[in-house]
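Engineer: Just passing along the structure, written as structure tokens.
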Amino acid sequence: MQTGAVQWIICEHCDSLYEALPLSKGESAHCLRCAAVLGRSHRLSIEQLLALSIAAFVMFVFANVFPVISISMQGLHNEVTLWGSVQALAQGQITLIALVAGLAIILAPALQIALLFWVLFHAHRNEIAPGFKMCMRTLEHLRPWSMLEVCLLGILVAIVKLAGMLDVHAGVGLWAMAMLMVLIVLIAGKDIRRLWDELGVEPL
Ligand SMILES: [Zn+2]
């Protein structure tokens, strides 16, 4: 924590300037002019975030190893994993879409989990992780690329649409993916930016 110098926060909605005051657990600061939320106290400790990132890794493995959807019709049975669906896309004429899908549902979440674990593991030991600034910036860039929720929604729509014609079941992989999505929202959100302050790293 910095002492002495006053810290300022700018309202993201109306550009009002406020002096940043420390918040205690459960408190939040609101803009006086437009009532937007300026900041909230952190609900999760570093230890909890670290534990959640390990849980996210386990869920990621489950989501990739187990089938996300299984289909049966007249005695025929077929299952597909996330990787299998990306491969299936790659075989057609839409290889580019396979690349984007692979990035959005496999590579981006994997990188997010790895980077989060790296910075949190070191923060937990009160150290600044090697390559901290690069990791934090990469995490910011990855957030819009991680689209598990879009993929999940697509699979659910497919299940509902196919259910009338075929025997369709959600696989273990799909449940793991749903949990992974919640975990990523919890740990890779904007809340992680506080590590800059807590470890006293200057962004420049
Ligand atoms: Zn405002």
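Letters for chains follow the order of the structure tokens (A, B, ...), residue numbers begin at 1 for each chain, and ligand numbers begin at 1 in the order shown.
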Given a cut-off of 10 Å, what residues near ligand 1 show up using only C-alpha atoms and all ligand atoms, put as a PyMOL selection string?
Structural biologist: chain A and resi 10-18+30-38
Engineer: Let's have the selection written as a PDB file, in the first residue's frame, with C-alpha atoms.
Structural biologist:
ATOM      1  CA  ILE A  10     -12.155   8.877 -11.924  1.00  0.00           C
ATOM      2  CA  CYS A  11     -15.802   7.941 -12.447  1.00  0.00           C
ATOM      3  CA  GLU A  12     -15.891   5.812 -15.629  1.00  0.00           C
ATOM      4  CA  HIS A  13     -19.259   7.284 -16.570  1.00  0.00           C
ATOM      5  CA  CYS A  14     -19.103  11.024 -15.935  1.00  0.00           C
ATOM      6  CA  ASP A  15     -15.390  11.736 -15.353  1.00  0.00           C
ATOM      7  CA  SER A  16     -15.848  13.168 -11.859  1.00  0.00           C
ATOM      8  CA  LEU A  17     -12.708  12.984  -9.772  1.00  0.00           C
ATOM      9  CA  TYR A  18     -12.645  11.612  -6.241  1.00  0.00           C
ATOM     10  CA  HIS A  30     -20.612   5.470  -5.542  1.00  0.00           C
ATOM     11  CA  CYS A  31     -20.315   8.573  -7.692  1.00  0.00           C
ATOM     12  CA  LEU A  32     -22.209  11.531  -6.179  1.00  0.00           C
ATOM     13  CA  ARG A  33     -23.156  12.935  -9.556  1.00  0.00           C
ATOM     14  CA  CYS A  34     -24.285   9.862 -11.497  1.00  0.00           C
ATOM     15  CA  ALA A  35     -24.438   7.138  -8.831  1.00  0.00           C
ATOM     16  CA  ALA A  36     -22.164   4.796 -10.791  1.00  0.00           C
ATOM     17  CA  VAL A  37     -20.108   2.341  -8.751  1.00  0.00           C
ATOM     18  CA  LEU A  38     -16.582   3.688  -8.266  1.00  0.00           C
TER      19      LEU A  38
END
Engineer: As a ChimeraX atom specification, please: all residues of range 31-124 of chain A that backbone DSSP puts in helix (DSSP H, G or I).
Structural biologist: /A:46-65,82-91,95-124
Engineer: Hey, which of A:Arg143, A:His77, A:Arg40, A:His169 ends up closest to Ala110 in chain A? Count only C-alpha atoms.
Structural biologist: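 Comparing A:Arg143, A:His77, A:Arg40, A:His169 against Ala110 in chain A, the winner is A:Arg143.
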Engineer: Give one line per residue of range 19-126 of chain A that approaches range 150-162 of chain A to at most 12 Å, naming the two atoms of the closest pair and their distance in Å to one decimal, counting only C-alpha atoms; sort by chain then ascending residue number and deliver it as CSV.
Structural biologist:
residue,atom,partner,partner_atom,distance
A:Ala63,CA,A:Leu152,CA,11.2
A:Pro67,CA,A:Ile155,CA,11.8
A:Val68,CA,A:Ile155,CA,8.3
A:Ile69,CA,A:Ile155,CA,7.9
A:Ser70,CA,A:Ile159,CA,9.4
A:Ile71,CA,A:Leu162,CA,9.0
A:Ser72,CA,A:Leu162,CA,10.8
A:Met73,CA,A:Leu162,CA,11.0
A:Val80,CA,A:Ile155,CA,11.2
A:Thr81,CA,A:Ile155,CA,11.4
A:Leu82,CA,A:Cys151,CA,9.6
A:Ser85,CA,A:Ile155,CA,10.8
A:Val86,CA,A:Cys151,CA,11.4
A:Val100,CA,A:Cys151,CA,11.6
A:Ala101,CA,A:Cys151,CA,8.5
A:Gly102,CA,A:Cys151,CA,10.7
A:Leu103,CA,A:Cys151,CA,11.7
A:Ala104,CA,A:Cys151,CA,8.6
A:Ile105,CA,A:Cys151,CA,7.0
A:Ile106,CA,A:Cys151,CA,10.6
Engineer: Would you mind exporting the chosen residues as a short mmCIF file (atom, residue, chain, number, x, y, z; two decimals), in the first residue's frame, restricted to N, CA and C atoms?
Structural biologist:
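As written to disk, again_15.cif reads:
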data_model
loop_
_atom_site.label_atom_id
_atom_site.label_comp_id
_atom_site.auth_asym_id
_atom_site.auth_seq_id
_atom_site.Cartn_x
_atom_site.Cartn_y
_atom_site.Cartn_z
N ALA A 63 -13.26 -30.38 -18.63
CA ALA A 63 -14.01 -29.88 -19.79
C ALA A 63 -13.39 -30.34 -21.10
N PRO A 67 -16.50 -35.78 -22.82
CA PRO A 67 -17.35 -35.25 -23.90
C PRO A 67 -18.32 -34.19 -23.40
N VAL A 68 -18.55 -33.17 -24.22
CA VAL A 68 -19.49 -32.12 -23.82
C VAL A 68 -20.92 -32.48 -24.25
N ILE A 69 -21.01 -33.32 -25.26
CA ILE A 69 -22.35 -33.66 -25.76
C ILE A 69 -22.30 -35.08 -26.32
N SER A 70 -23.35 -35.84 -26.07
CA SER A 70 -23.41 -37.18 -26.66
C SER A 70 -24.78 -37.35 -27.34
N ILE A 71 -24.73 -38.01 -28.48
CA ILE A 71 -25.93 -38.15 -29.31
C ILE A 71 -26.14 -39.63 -29.63
N SER A 72 -27.37 -40.11 -29.47
CA SER A 72 -27.67 -41.48 -29.89
C SER A 72 -28.87 -41.45 -30.83
N MET A 73 -28.82 -42.32 -31.84
CA MET A 73 -29.95 -42.45 -32.75
C MET A 73 -29.97 -43.86 -33.31
N VAL A 80 -18.75 -36.06 -28.46
CA VAL A 80 -17.75 -35.12 -28.93
C VAL A 80 -17.18 -34.31 -27.77
N THR A 81 -15.87 -34.11 -27.82
CA THR A 81 -15.21 -33.26 -26.82
C THR A 81 -14.99 -31.88 -27.44
N LEU A 82 -14.54 -30.93 -26.62
CA LEU A 82 -14.28 -29.58 -27.13
C LEU A 82 -13.25 -29.63 -28.25
N SER A 85 -14.60 -30.99 -31.40
CA SER A 85 -15.43 -30.07 -32.18
C SER A 85 -14.57 -29.08 -32.96
N VAL A 86 -13.46 -28.66 -32.37
CA VAL A 86 -12.54 -27.77 -33.09
C VAL A 86 -11.92 -28.50 -34.28
N VAL A 100 -10.35 -19.65 -34.66
CA VAL A 100 -10.96 -18.70 -33.73
C VAL A 100 -11.62 -19.45 -32.57
N ALA A 101 -12.33 -20.55 -32.90
CA ALA A 101 -13.00 -21.33 -31.87
C ALA A 101 -11.98 -21.92 -30.90
N GLY A 102 -10.88 -22.46 -31.46
CA GLY A 102 -9.84 -23.04 -30.62
C GLY A 102 -9.24 -22.00 -29.70
N LEU A 103 -9.07 -20.80 -30.22
CA LEU A 103 -8.53 -19.71 -29.41
C LEU A 103 -9.51 -19.30 -28.30
N ALA A 104 -10.78 -19.17 -28.68
CA ALA A 104 -11.77 -18.64 -27.74
C ALA A 104 -12.18 -19.64 -26.66
N ILE A 105 -12.22 -20.94 -27.00
CA ILE A 105 -12.72 -21.88 -26.00
C ILE A 105 -11.64 -22.75 -25.36
N ILE A 106 -10.45 -22.81 -25.94
CA ILE A 106 -9.41 -23.64 -25.34
C ILE A 106 -8.17 -22.82 -24.96
#
Engineer: As an exercise, work out the distance from CA of Glu19 in chain A to CA of Val6 in chain A in Å and give it to one decimal place.
Structural biologist: 6.9 Å
Engineer: Leaving out range 186-195 of chain A and any residue of its chain fewer than 2 positions from it, which residues lie within 10 Å of it when counting only C-alpha atoms, given as an NGL selection string?
Structural biologist: :A and (39-44 or 46 or 48-53 or 56 or 109 or 112-113 or 115-117 or 119-120 or 123 or 128 or 132 or 136-137 or 139-140 or 142-143 or 180-184 or 197-201)
Engineer: Taking only C-alpha atoms into account, name the residue in A:Val185, A:Leu107, A:Ala90, A:Ala129 that is nearest to Glu149 in chain A.
Structural biologist: A:Val185
Engineer: Provide the CA of Trp145 in chain A to CA of Met177 in chain A distance in Å, to one decimal place.
Structural biologist: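 That distance, rounded to one decimal, is 16.0 Å.
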